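Student: Following this line is query_27.json, made up of JSON, C-alpha atoms:
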```json
[["chain", "number", "residue", "atom", "x", "y", "z"],
["A", 1, "MET", "CA", 143.33, -58.04, 137.34],
["A", 2, "ASN", "CA", 143.78, -55.14, 134.94],
["A", 3, "LEU", "CA", 146.87, -55.70, 132.75],
["A", 4, "THR", "CA", 146.53, -52.84, 130.31],
["A", 5, "LYS", "CA", 150.17, -52.37, 129.25],
["A", 6, "ASN", "CA", 152.89, -54.54, 127.74],
["A", 7, "LEU", "CA", 156.50, -54.65, 128.90],
["A", 8, "LEU", "CA", 159.53, -56.33, 127.33],
["A", 9, "LEU", "CA", 162.19, -57.34, 129.86],
["A", 10, "VAL", "CA", 165.54, -58.31, 128.30],
["A", 11, "TYR", "CA", 168.20, -59.45, 130.75],
["A", 12, "TYR", "CA", 171.72, -60.88, 130.72],
["A", 13, "PRO", "CA", 171.77, -63.91, 133.09],
["A", 14, "GLY", "CA", 175.57, -63.83, 133.45],
["A", 15, "ALA", "CA", 175.86, -60.25, 134.70],
["A", 16, "GLY", "CA", 177.32, -59.46, 138.09],
["A", 17, "LYS", "CA", 176.85, -62.01, 140.86],
["A", 18, "GLY", "CA", 173.42, -63.30, 139.84],
["A", 19, "GLN", "CA", 171.52, -60.91, 142.08],
["A", 20, "PHE", "CA", 168.99, -60.11, 139.37],
["A", 21, "LYS", "CA", 168.16, -63.78, 138.67],
["A", 22, "ASN", "CA", 167.53, -64.31, 142.37],
["A", 23, "ASN", "CA", 165.05, -61.42, 142.35],
["A", 24, "LEU", "CA", 163.44, -62.09, 138.96],
["A", 25, "HIS", "CA", 160.10, -63.26, 140.39],
["A", 26, "ALA", "CA", 159.81, -60.21, 142.66],
["A", 27, "VAL", "CA", 160.74, -57.87, 139.79],
["A", 28, "VAL", "CA", 158.08, -59.33, 137.49],
["A", 29, "ASP", "CA", 155.58, -59.20, 140.34],
["A", 30, "THR", "CA", 156.33, -55.48, 140.72],
["A", 31, "PHE", "CA", 155.62, -54.94, 137.03],
["A", 32, "THR", "CA", 152.42, -57.00, 137.20],
["A", 33, "LYS", "CA", 151.07, -55.02, 140.14],
["A", 34, "ALA", "CA", 151.69, -51.86, 138.08],
["A", 35, "GLY", "CA", 149.48, -53.22, 135.27],
["A", 36, "TYR", "CA", 152.14, -54.59, 132.91],
["A", 37, "LEU", "CA", 151.97, -57.94, 131.13],
["A", 38, "THR", "CA", 155.69, -58.83, 131.01],
["A", 39, "THR", "CA", 157.49, -60.72, 128.24],
["A", 40, "LEU", "CA", 160.86, -62.13, 129.34],
["A", 41, "TYR", "CA", 163.89, -62.62, 127.12],
["A", 42, "PRO", "CA", 167.12, -63.97, 128.71],
["A", 43, "THR", "CA", 170.03, -63.28, 126.35],
["A", 44, "GLN", "CA", 171.81, -66.28, 124.87],
["A", 45, "GLN", "CA", 174.91, -64.70, 123.31],
["A", 46, "ALA", "CA", 176.61, -61.40, 122.50],
["A", 47, "GLN", "CA", 174.48, -58.91, 120.54],
["A", 48, "ASP", "CA", 171.24, -60.63, 121.62],
["A", 49, "VAL", "CA", 169.99, -57.43, 123.27],
["A", 50, "TYR", "CA", 170.60, -55.49, 120.08],
["A", 51, "GLN", "CA", 169.00, -58.14, 117.87],
["A", 52, "ILE", "CA", 165.81, -58.69, 119.90],
["A", 53, "ILE", "CA", 165.07, -54.96, 120.15],
["A", 54, "ARG", "CA", 165.75, -54.44, 116.46],
["A", 55, "ALA", "CA", 163.46, -57.37, 115.63],
["A", 56, "TYR", "CA", 160.55, -55.58, 117.28],
["A", 57, "GLY", "CA", 161.58, -52.05, 116.37],
["A", 58, "THR", "CA", 162.32, -52.29, 112.65],
["A", 59, "CYS", "CA", 159.55, -50.76, 110.58],
["A", 60, "PRO", "CA", 158.06, -53.20, 108.01],
["A", 61, "PRO", "CA", 158.47, -52.11, 104.36],
["A", 62, "ASP", "CA", 154.72, -51.62, 103.95],
["A", 63, "LYS", "CA", 154.41, -49.17, 106.86],
["A", 64, "ASP", "CA", 155.08, -45.48, 107.19],
["A", 65, "PRO", "CA", 157.95, -45.04, 109.72],
["A", 66, "ALA", "CA", 156.11, -42.06, 111.21],
["A", 67, "SER", "CA", 153.11, -44.24, 112.10],
["A", 68, "PHE", "CA", 154.99, -47.38, 113.18],
["A", 69, "ARG", "CA", 155.14, -48.06, 116.92],
["A", 70, "PHE", "CA", 157.20, -50.36, 119.14],
["A", 71, "PRO", "CA", 154.77, -53.13, 120.23],
["A", 72, "TYR", "CA", 155.60, -52.67, 123.92],
["A", 73, "ASP", "CA", 154.74, -49.73, 126.15],
["A", 74, "LEU", "CA", 157.98, -50.06, 128.08],
["A", 75, "LEU", "CA", 161.39, -51.62, 127.43],
["A", 76, "VAL", "CA", 163.38, -52.77, 130.47],
["A", 77, "ILE", "CA", 167.00, -53.92, 130.31],
["A", 78, "SER", "CA", 168.93, -55.70, 133.04],
["A", 79, "GLY", "CA", 172.67, -56.33, 132.87],
["A", 80, "GLY", "CA", 175.90, -54.41, 132.98],
["A", 81, "ASP", "CA", 176.96, -51.31, 131.08],
["A", 82, "GLY", "CA", 177.74, -53.46, 128.01],
["A", 83, "THR", "CA", 174.19, -54.80, 127.96],
["A", 84, "LEU", "CA", 172.81, -51.27, 128.10],
["A", 85, "HIS", "CA", 175.24, -50.27, 125.33],
["A", 86, "GLU", "CA", 173.61, -52.81, 122.97],
["A", 87, "CYS", "CA", 170.16, -51.54, 123.92],
["A", 88, "ILE", "CA", 171.00, -47.92, 123.23],
["A", 89, "ASN", "CA", 172.44, -48.69, 119.81],
["A", 90, "ALA", "CA", 169.35, -50.68, 118.84],
["A", 91, "VAL", "CA", 166.95, -47.92, 119.90],
["A", 92, "MET", "CA", 168.98, -45.05, 118.45],
["A", 93, "GLU", "CA", 169.03, -46.76, 115.04],
["A", 94, "MET", "CA", 165.23, -46.77, 114.92],
["A", 95, "PRO", "CA", 163.13, -43.87, 113.61],
["A", 96, "GLU", "CA", 162.69, -41.29, 116.38],
["A", 97, "SER", "CA", 158.94, -41.94, 116.35],
["A", 98, "VAL", "CA", 159.65, -45.49, 117.59],
["A", 99, "HIS", "CA", 161.79, -44.45, 120.56],
["A", 100, "MET", "CA", 160.21, -45.74, 123.75],
["A", 101, "PRO", "CA", 160.98, -45.11, 127.45],
["A", 102, "ILE", "CA", 163.74, -47.38, 128.75],
["A", 103, "GLY", "CA", 163.92, -48.85, 132.23],
["A", 104, "TYR", "CA", 167.27, -50.06, 133.50],
["A", 105, "ILE", "CA", 167.93, -52.57, 136.28],
["A", 106, "PRO", "CA", 171.71, -52.61, 136.82],
["A", 107, "ALA", "CA", 173.25, -56.04, 137.35],
["A", 108, "GLY", "CA", 176.90, -55.57, 136.36],
["A", 109, "SER", "CA", 180.12, -55.25, 138.33],
["A", 110, "THR", "CA", 180.46, -51.45, 138.30],
["A", 111, "ASN", "CA", 177.29, -49.95, 136.75],
["A", 112, "ASP", "CA", 178.62, -46.47, 135.99],
["A", 113, "PHE", "CA", 175.47, -45.49, 134.11],
["A", 114, "ALA", "CA", 173.25, -46.34, 137.08],
["A", 115, "VAL", "CA", 175.48, -44.38, 139.46],
["A", 116, "SER", "CA", 175.39, -41.29, 137.21],
["A", 117, "HIS", "CA", 171.63, -41.43, 136.77],
["A", 118, "THR", "CA", 170.88, -42.28, 140.43],
["A", 119, "ILE", "CA", 169.22, -45.58, 139.46],
["A", 120, "PRO", "CA", 168.98, -47.98, 142.43],
["A", 121, "LYS", "CA", 171.39, -50.93, 142.30],
["A", 122, "GLU", "CA", 169.01, -53.24, 144.18],
["A", 123, "PRO", "CA", 166.76, -54.98, 141.58],
["A", 124, "ILE", "CA", 163.39, -54.57, 143.34],
["A", 125, "ALA", "CA", 164.09, -50.92, 144.15],
["A", 126, "ALA", "CA", 165.10, -50.34, 140.51],
["A", 127, "ALA", "CA", 161.88, -52.00, 139.29],
["A", 128, "GLU", "CA", 159.80, -49.84, 141.63],
["A", 129, "ALA", "CA", 161.58, -46.71, 140.38],
["A", 130, "ILE", "CA", 160.72, -47.74, 136.82],
["A", 131, "VAL", "CA", 156.97, -48.22, 137.39],
["A", 132, "ASN", "CA", 156.56, -45.28, 139.79],
["A", 133, "GLY", "CA", 158.94, -42.86, 138.10],
["A", 134, "SER", "CA", 158.82, -40.73, 134.97],
["A", 135, "PRO", "CA", 160.71, -40.73, 131.66],
["A", 136, "VAL", "CA", 163.68, -38.34, 131.84],
["A", 137, "PRO", "CA", 165.60, -37.41, 128.67],
["A", 138, "PHE", "CA", 169.41, -37.70, 128.69],
["A", 139, "ASP", "CA", 172.21, -37.02, 126.23],
["A", 140, "ILE", "CA", 173.65, -39.91, 124.21],
["A", 141, "GLY", "CA", 177.13, -39.94, 122.67],
["A", 142, "LEU", "CA", 178.04, -40.88, 119.11],
["A", 143, "PHE", "CA", 181.45, -42.40, 118.33],
["A", 144, "GLY", "CA", 181.91, -42.70, 114.58],
["A", 145, "THR", "CA", 178.68, -44.53, 113.74],
["A", 146, "THR", "CA", 178.27, -46.23, 117.14],
["A", 147, "TYR", "CA", 176.32, -44.77, 120.05],
["A", 148, "PHE", "CA", 177.47, -44.89, 123.67],
["A", 149, "SER", "CA", 175.61, -44.27, 126.89],
["A", 150, "TYR", "CA", 178.29, -42.70, 129.06],
["A", 151, "VAL", "CA", 181.93, -42.90, 127.86],
["A", 152, "ALA", "CA", 184.29, -43.34, 124.92],
["A", 153, "ALA", "CA", 187.90, -43.57, 126.11],
["A", 154, "PHE", "CA", 191.44, -44.45, 125.06],
["A", 155, "GLY", "CA", 194.73, -45.01, 126.84],
["A", 156, "SER", "CA", 195.86, -46.33, 130.19],
["A", 157, "PHE", "CA", 193.47, -48.62, 132.08],
["A", 158, "THR", "CA", 190.71, -48.46, 129.44],
["A", 159, "ASP", "CA", 191.52, -51.97, 128.20],
["A", 160, "VAL", "CA", 191.01, -53.38, 131.70],
["A", 161, "THR", "CA", 187.23, -53.03, 131.49],
["A", 162, "TYR", "CA", 186.80, -55.33, 128.50],
["A", 163, "ASP", "CA", 189.79, -57.66, 129.04],
["A", 164, "THR", "CA", 188.96, -58.69, 132.61],
["A", 165, "PRO", "CA", 187.20, -62.11, 132.40],
["A", 166, "GLN", "CA", 183.49, -62.10, 133.30],
["A", 167, "GLU", "CA", 183.93, -64.83, 135.93],
["A", 168, "VAL", "CA", 186.60, -62.74, 137.69],
["A", 169, "LYS", "CA", 184.32, -59.68, 137.66],
["A", 170, "ASN", "CA", 181.49, -61.79, 139.06],
["A", 171, "ILE", "CA", 183.64, -62.87, 142.00],
["A", 172, "TRP", "CA", 185.52, -59.67, 142.81],
["A", 173, "GLY", "CA", 183.28, -56.97, 141.34],
["A", 174, "HIS", "CA", 184.91, -53.52, 141.03],
["A", 175, "LEU", "CA", 188.06, -54.76, 142.82],
["A", 176, "ALA", "CA", 188.78, -56.99, 139.77],
["A", 177, "TYR", "CA", 189.39, -53.87, 137.66],
["A", 178, "VAL", "CA", 191.75, -52.39, 140.25],
["A", 179, "ILE", "CA", 193.81, -55.60, 140.46],
["A", 180, "GLU", "CA", 193.99, -55.99, 136.68],
["A", 181, "GLY", "CA", 194.92, -52.33, 136.19],
["A", 182, "ALA", "CA", 197.73, -52.53, 138.75],
["A", 183, "LYS", "CA", 199.18, -55.56, 136.94],
["A", 184, "ARG", "CA", 199.25, -53.68, 133.63],
["A", 185, "PHE", "CA", 200.48, -50.28, 134.78],
["A", 186, "PRO", "CA", 204.19, -50.85, 133.91],
["A", 187, "SER", "CA", 203.29, -51.52, 130.27],
["A", 188, "TYR", "CA", 201.25, -48.36, 129.66],
["A", 189, "LYS", "CA", 202.67, -45.76, 127.29],
["A", 190, "PRO", "CA", 201.36, -42.35, 126.21],
["A", 191, "HIS", "CA", 199.79, -41.68, 122.81],
["A", 192, "HIS", "CA", 200.65, -38.63, 120.72],
["A", 193, "MET", "CA", 197.44, -37.16, 119.42],
["A", 194, "ILE", "CA", 195.83, -34.07, 117.96],
["A", 195, "VAL", "CA", 192.38, -33.39, 119.40],
["A", 196, "GLU", "CA", 190.06, -30.95, 117.67],
["A", 197, "ALA", "CA", 187.42, -29.90, 120.18],
["A", 198, "ASP", "CA", 184.71, -27.63, 118.77],
["A", 199, "GLY", "CA", 187.32, -25.81, 116.70],
["A", 200, "GLU", "CA", 190.09, -25.76, 119.33],
["A", 201, "LYS", "CA", 193.28, -27.73, 118.56],
["A", 202, "ILE", "CA", 194.87, -29.59, 121.47],
["A", 203, "GLU", "CA", 198.08, -31.53, 120.76],
["A", 204, "GLY", "CA", 200.26, -33.59, 123.06],
["A", 205, "ASP", "CA", 201.16, -36.93, 124.56],
["A", 206, "PHE", "CA", 198.27, -38.31, 126.55],
["A", 207, "LEU", "CA", 198.10, -41.23, 128.97],
["A", 208, "LEU", "CA", 194.33, -41.25, 128.85],
["A", 209, "GLY", "CA", 191.51, -39.42, 127.13],
["A", 210, "MET", "CA", 187.74, -39.65, 127.28],
["A", 211, "VAL", "CA", 184.54, -38.13, 126.00],
["A", 212, "ALA", "CA", 181.91, -38.69, 128.65],
["A", 213, "ASN", "CA", 178.38, -38.03, 129.85],
["A", 214, "THR", "CA", 178.75, -39.42, 133.34],
["A", 215, "THR", "CA", 179.75, -38.73, 136.91],
["A", 216, "SER", "CA", 181.41, -42.15, 137.29],
["A", 217, "VAL", "CA", 183.93, -44.10, 135.20],
["A", 218, "GLY", "CA", 185.15, -47.52, 136.28],
["A", 219, "GLY", "CA", 183.53, -46.97, 139.66],
["A", 220, "PHE", "CA", 185.49, -43.75, 140.29],
["A", 221, "ALA", "CA", 183.54, -40.52, 140.71],
["A", 222, "ILE", "CA", 184.26, -37.55, 138.44],
["A", 223, "LYS", "CA", 183.76, -34.31, 140.33],
["A", 224, "HIS", "CA", 183.43, -31.15, 138.31],
["A", 225, "ASP", "CA", 180.87, -28.39, 138.69],
["A", 226, "GLU", "CA", 180.15, -28.23, 134.95],
["A", 227, "ILE", "CA", 179.17, -31.88, 134.48],
["A", 228, "SER", "CA", 175.61, -32.23, 133.20],
["A", 229, "LEU", "CA", 173.90, -35.19, 131.56],
["A", 230, "GLN", "CA", 171.28, -33.08, 129.79],
["A", 231, "ASP", "CA", 173.02, -30.02, 128.34],
["A", 232, "GLY", "CA", 173.75, -31.36, 124.84],
["A", 233, "LEU", "CA", 177.50, -31.29, 125.55],
["A", 234, "SER", "CA", 180.02, -33.96, 126.51],
["A", 235, "ASP", "CA", 182.93, -33.71, 128.93],
["A", 236, "LEU", "CA", 186.34, -34.03, 127.25],
["A", 237, "ILE", "CA", 189.07, -35.07, 129.71],
["A", 238, "LEU", "CA", 192.72, -35.58, 128.70],
["A", 239, "ILE", "CA", 195.62, -36.57, 130.96],
["A", 240, "ARG", "CA", 198.96, -35.26, 129.68],
["A", 241, "TYR", "CA", 202.33, -37.04, 129.85],
["A", 242, "THR", "CA", 205.74, -35.36, 129.67],
["A", 243, "ASN", "CA", 209.40, -36.36, 130.00],
["A", 244, "ASP", "CA", 209.53, -34.43, 133.27],
["A", 245, "ALA", "CA", 209.14, -36.92, 136.12],
["A", 246, "LEU", "CA", 208.17, -34.22, 138.61],
["A", 247, "GLN", "CA", 205.51, -32.86, 136.26],
["A", 248, "ASN", "CA", 204.10, -36.36, 135.75],
["A", 249, "LEU", "CA", 204.00, -36.83, 139.51],
["A", 250, "ALA", "CA", 202.11, -33.55, 139.83],
["A", 251, "THR", "CA", 199.67, -34.74, 137.15],
["A", 252, "VAL", "CA", 199.07, -38.01, 139.00],
["A", 253, "SER", "CA", 198.39, -36.00, 142.15],
["A", 254, "ALA", "CA", 195.97, -33.76, 140.21],
["A", 255, "VAL", "CA", 194.12, -36.82, 138.89],
["A", 256, "LEU", "CA", 193.79, -38.30, 142.38],
["A", 257, "THR", "CA", 192.53, -35.01, 143.83],
["A", 258, "GLN", "CA", 190.63, -34.11, 140.63],
["A", 259, "ASP", "CA", 192.33, -30.73, 140.41],
["A", 260, "PHE", "CA", 191.19, -29.70, 136.93],
["A", 261, "SER", "CA", 193.21, -26.48, 137.15],
["A", 262, "SER", "CA", 196.42, -28.51, 136.78],
["A", 263, "PRO", "CA", 198.27, -28.09, 133.44],
["A", 264, "GLY", "CA", 198.46, -31.88, 133.28],
["A", 265, "LEU", "CA", 194.69, -32.16, 133.02],
["A", 266, "VAL", "CA", 192.62, -30.87, 130.12],
["A", 267, "TYR", "CA", 188.89, -30.38, 130.63],
["A", 268, "ARG", "CA", 186.48, -28.99, 128.04],
["A", 269, "LYS", "CA", 182.73, -28.98, 127.45],
["A", 270, "VAL", "CA", 182.30, -30.00, 123.80],
["A", 271, "LYS", "CA", 179.57, -30.85, 121.31],
["A", 272, "LYS", "CA", 181.95, -32.52, 118.86],
["A", 273, "ALA", "CA", 185.54, -33.75, 119.00],
["A", 274, "ARG", "CA", 187.94, -35.36, 116.54],
["A", 275, "PHE", "CA", 190.96, -37.48, 117.50],
["A", 276, "LEU", "CA", 193.91, -37.83, 115.10],
["A", 277, "SER", "CA", 197.02, -39.99, 115.60],
["A", 278, "GLN", "CA", 199.75, -41.65, 113.54],
["A", 279, "GLU", "CA", 199.25, -45.02, 115.21],
["A", 280, "SER", "CA", 196.03, -46.98, 115.61],
["A", 281, "ILE", "CA", 194.71, -46.47, 119.11],
["A", 282, "ALA", "CA", 192.31, -48.82, 120.88],
["A", 283, "TRP", "CA", 189.13, -47.35, 122.37],
["A", 284, "THR", "CA", 186.57, -48.58, 124.85],
["A", 285, "LEU", "CA", 182.87, -47.73, 124.58],
["A", 286, "ASP", "CA", 180.84, -48.14, 127.76],
["A", 287, "GLY", "CA", 183.40, -50.63, 129.06],
["A", 288, "GLU", "CA", 183.43, -52.75, 125.88],
["A", 289, "TYR", "CA", 186.08, -52.92, 123.15],
["A", 290, "GLY", "CA", 185.31, -50.20, 120.60],
["A", 291, "GLY", "CA", 187.94, -50.82, 117.89],
["A", 292, "GLU", "CA", 191.22, -49.14, 116.87],
["A", 293, "TYR", "CA", 191.45, -45.87, 114.93],
["A", 294, "THR", "CA", 193.83, -43.19, 113.69],
["A", 295, "ASP", "CA", 190.98, -40.77, 112.95],
["A", 296, "ILE", "CA", 187.69, -40.87, 114.83],
["A", 297, "SER", "CA", 185.07, -38.28, 115.72],
["A", 298, "THR", "CA", 182.49, -37.98, 118.48],
["A", 299, "ASP", "CA", 179.25, -36.04, 118.71],
["A", 300, "THR", "CA", 176.64, -35.42, 121.40],
["A", 301, "CYS", "CA", 172.97, -36.20, 120.74],
["A", 302, "ALA", "CA", 171.07, -33.87, 123.04],
["A", 303, "ASN", "CA", 168.37, -35.53, 125.22],
["A", 304, "ALA", "CA", 168.13, -38.32, 122.66],
["A", 305, "LEU", "CA", 166.66, -41.09, 124.86],
["A", 306, "SER", "CA", 164.43, -41.14, 127.93],
["A", 307, "PHE", "CA", 165.03, -43.39, 130.91],
["A", 308, "MET", "CA", 162.56, -44.16, 133.67],
["A", 309, "CYS", "CA", 163.84, -42.52, 136.84],
["A", 310, "ALA", "CA", 162.34, -42.13, 140.29],
["A", 311, "ASP", "CA", 160.57, -38.83, 140.73],
["A", 312, "ARG", "CA", 162.62, -36.42, 142.81],
["A", 313, "MET", "CA", 160.90, -34.29, 145.41]]
```
Rewrite the coordinates I just gave you, this time as structure tokens.
Tutor:
Amino acid sequence: MNLTKNLLLVYYPGAGKGQFKNNLHAVVDTFTKAGYLTTLYPTQQAQDVYQIIRAYGTCPPDKDPASFRFPYDLLVISGGDGTLHECINAVMEMPESVHMPIGYIPAGSTNDFAVSHTIPKEPIAAAEAIVNGSPVPFDIGLFGTTYFSYVAAFGSFTDVTYDTPQEVKNIWGHLAYVIEGAKRFPSYKPHHMIVEADGEKIEGDFLLGMVANTTSVGGFAIKHDEISLQDGLSDLILIRYTNDALQNLATVSAVLTQDFSSPGLVYRKVKKARFLSQESIAWTLDGEYGGEYTDISTDTCANALSFMCADRM
């Protein structure tokens, strides 16, 4: 047996419906057959993914950061979008010379990142794509000082992703978000905000806003010809609210049909954006609570990290 490479597999045992745990042996066997000696680390608590990667990836004081290397040839993460969020922040905080290819085995309830990057949802298929595929660079977002893999958002429905209990998500999957969102809809109110997008000023009352590098949010596809995950730009989407009931109805219709020509929908390709408001507004980052702000900026880090993806013919 020729095990010439080392692989670190960090996984969240509580993600999704336990499908990954049931396939753990087969996943490791796939890595072994590809020549990897695999080290397993099941997370024990929040921020474990971040901490274990940082433990291996922090350059010792007596070493030159340019010469320091991550002690594994490949890093593989399994869990939901929140698990991947911790991973990305740990890697992005390392010197660029330490950045390693990342494999992702989705095991959450919605897995927007996997959908956008055409990563198989079935664990064994995802493992095979990792060992047989190639590293592909993708854009990473920056929200204040925190990185995000696919979305930073505020407003209606964004709190549902991080407030829905894990056990409910495990049972109902994506439907849990729909049920929870429907329960909360009567309480949602618009936020007045000034958005500075690459020099353009956009002001108004918004039910929802997001900066994204994705084709899927909350399990719902975003369909726009200009969406790209590798162009160094993010997609800014704002949903306006007015006191005109008919206009709001037209906006809702535009959202459902994804008619981005509607005046109720704002769509821009941006490198940077700044969000200003009088009140503190709660944000979600990759489906996790991201804090509350009156002034926060985003940036796009072009092709900052590489993920192992199946080779396309």
Student: Could you work out an axis-aligned bounding box for all listed atoms of range 71-83 of chain A, with 4 Å added on each of the six sides, and give its centre and edge lengths in Å to one decimal, as AutoDock Vina command-line options?
Tutor:
```
--center_x 166.2 --center_y -53.0 --center_z 126.6 --size_x 31.0 --size_y 14.6 --size_z 20.8
```
Student: To one decimal in Å, tell me the separation between CA of Phe275 in chain A and CA of Asp295 in chain A.
Tutor: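 Atom-to-atom, CA of Phe275 in chain A to CA of Asp295 in chain A, that is 5.6 Å.
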Student: Neighbours of range 77-81 of chain A within 10 Å (all atoms listed in the file; same-chain residues fewer than 4 positions away dropped), as a count of residues only?
Tutor: 41
Student: Which residue out of A:Leu265, A:Ala212, A:Phe206, A:Gln230 has the minimum interatomic distance to Gly141 in chain A when all atoms listed in the file are used?
Tutor: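 Closest to Gly141 in chain A of all the choices is A:Ala212.
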Student: Counting only C-alpha atoms, which residues come within 10 Å of (194.0, -40.6, 129.8), with the point read in the file's coordinates, and could you list them as a PyMOL selection string?
Tutor: chain A and resi 153-158+190-191+205-210+237-241+255+265-266
Student: If I take CA of Thr30 in chain A and CA of Val131 in chain A, how far is one from the other in Å, to one decimal?
Tutor: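 Spanning CA of Thr30 in chain A to CA of Val131 in chain A is a straight-line distance of 8.0 Å.
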Student: What does the distance between CA of Ser306 in chain A and CA of Val136 in chain A come to in Å, to one decimal place?
Tutor: 4.9 Å
Student: Determine the nearest neighbour of Ala34 in chain A from the options A:Ala127, A:Ala197, A:Met92, A:Thr146, counting all atoms listed in the file.
Tutor: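 Residue with the minimum atom-to-atom distance to Ala34 in chain A: A:Ala127.
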Student: For Val217 in chain A, which residue out of A:Met308, A:Ile124, A:Leu233, A:Val115 is the nearest one, using all atoms listed in the file?
Tutor: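 Nearest to Val217 in chain A: A:Val115.
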Student: Which residue, A:Gln247, A:Ser116, A:Thr214, A:Gln278, has the smallest gap to Tyr293 in chain A when you use all atoms listed in the file?
Tutor: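 Among the listed residues, A:Gln278 lies closest to Tyr293 in chain A.
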Student: Could you check which of A:Gln44, A:Lys63, A:Ser277, A:Val151 is closest to Glu203 in chain A, using all atoms listed in the file?
Tutor: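 Answer, going by the shortest atom-to-atom distance: A:Ser277.
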Student: Place N, CA and C atoms on range 40-59 of chain A and deliver the coordinates as a compact mmCIF listing (two decimals), keeping the file's coordinate frame.
Tutor:
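Wrote part-v1.txt, looks like this:
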```txt
# COMPACT_ATOMS: atom_id res chain seq x y z
N LEU A 40 159.48 -61.97 128.92
CA LEU A 40 160.86 -62.13 129.34
C LEU A 40 161.72 -62.65 128.18
N TYR A 41 162.93 -62.10 128.09
CA TYR A 41 163.89 -62.62 127.12
C TYR A 41 165.28 -62.65 127.76
N PRO A 42 165.74 -63.86 128.21
CA PRO A 42 167.12 -63.97 128.71
C PRO A 42 168.08 -64.07 127.52
N THR A 43 169.12 -63.26 127.49
CA THR A 43 170.03 -63.28 126.35
C THR A 43 170.79 -64.60 126.30
N GLN A 44 171.13 -65.01 125.08
CA GLN A 44 171.81 -66.28 124.87
C GLN A 44 173.26 -66.09 124.43
N GLN A 45 173.57 -64.94 123.82
CA GLN A 45 174.91 -64.70 123.31
C GLN A 45 175.10 -63.20 123.09
N ALA A 46 176.32 -62.81 122.75
CA ALA A 46 176.61 -61.40 122.50
C ALA A 46 175.73 -60.86 121.38
N GLN A 47 175.32 -59.63 121.51
CA GLN A 47 174.48 -58.91 120.54
C GLN A 47 173.01 -59.35 120.57
N ASP A 48 172.64 -60.21 121.51
CA ASP A 48 171.24 -60.63 121.62
C ASP A 48 170.33 -59.45 121.98
N VAL A 49 170.80 -58.58 122.87
CA VAL A 49 169.99 -57.43 123.27
C VAL A 49 169.71 -56.57 122.05
N TYR A 50 170.75 -56.30 121.30
CA TYR A 50 170.60 -55.49 120.08
C TYR A 50 169.63 -56.14 119.11
N GLN A 51 169.80 -57.44 118.88
CA GLN A 51 169.00 -58.14 117.87
C GLN A 51 167.52 -58.23 118.25
N ILE A 52 167.21 -58.51 119.51
CA ILE A 52 165.81 -58.69 119.90
C ILE A 52 165.07 -57.36 119.84
N ILE A 53 165.73 -56.27 120.22
CA ILE A 53 165.07 -54.96 120.15
C ILE A 53 164.87 -54.54 118.70
N ARG A 54 165.87 -54.78 117.88
CA ARG A 54 165.75 -54.44 116.46
C ARG A 54 164.65 -55.26 115.79
N ALA A 55 164.49 -56.51 116.23
CA ALA A 55 163.46 -57.37 115.63
C ALA A 55 162.08 -56.78 115.83
N TYR A 56 161.85 -56.18 116.99
CA TYR A 56 160.55 -55.58 117.28
C TYR A 56 160.46 -54.13 116.79
N GLY A 57 161.60 -53.47 116.65
CA GLY A 57 161.58 -52.05 116.37
C GLY A 57 161.81 -51.65 114.93
N THR A 58 162.10 -52.62 114.05
CA THR A 58 162.32 -52.29 112.65
C THR A 58 161.00 -52.14 111.93
N CYS A 59 160.81 -51.04 111.28
CA CYS A 59 159.55 -50.76 110.58
C CYS A 59 159.40 -51.65 109.35
```
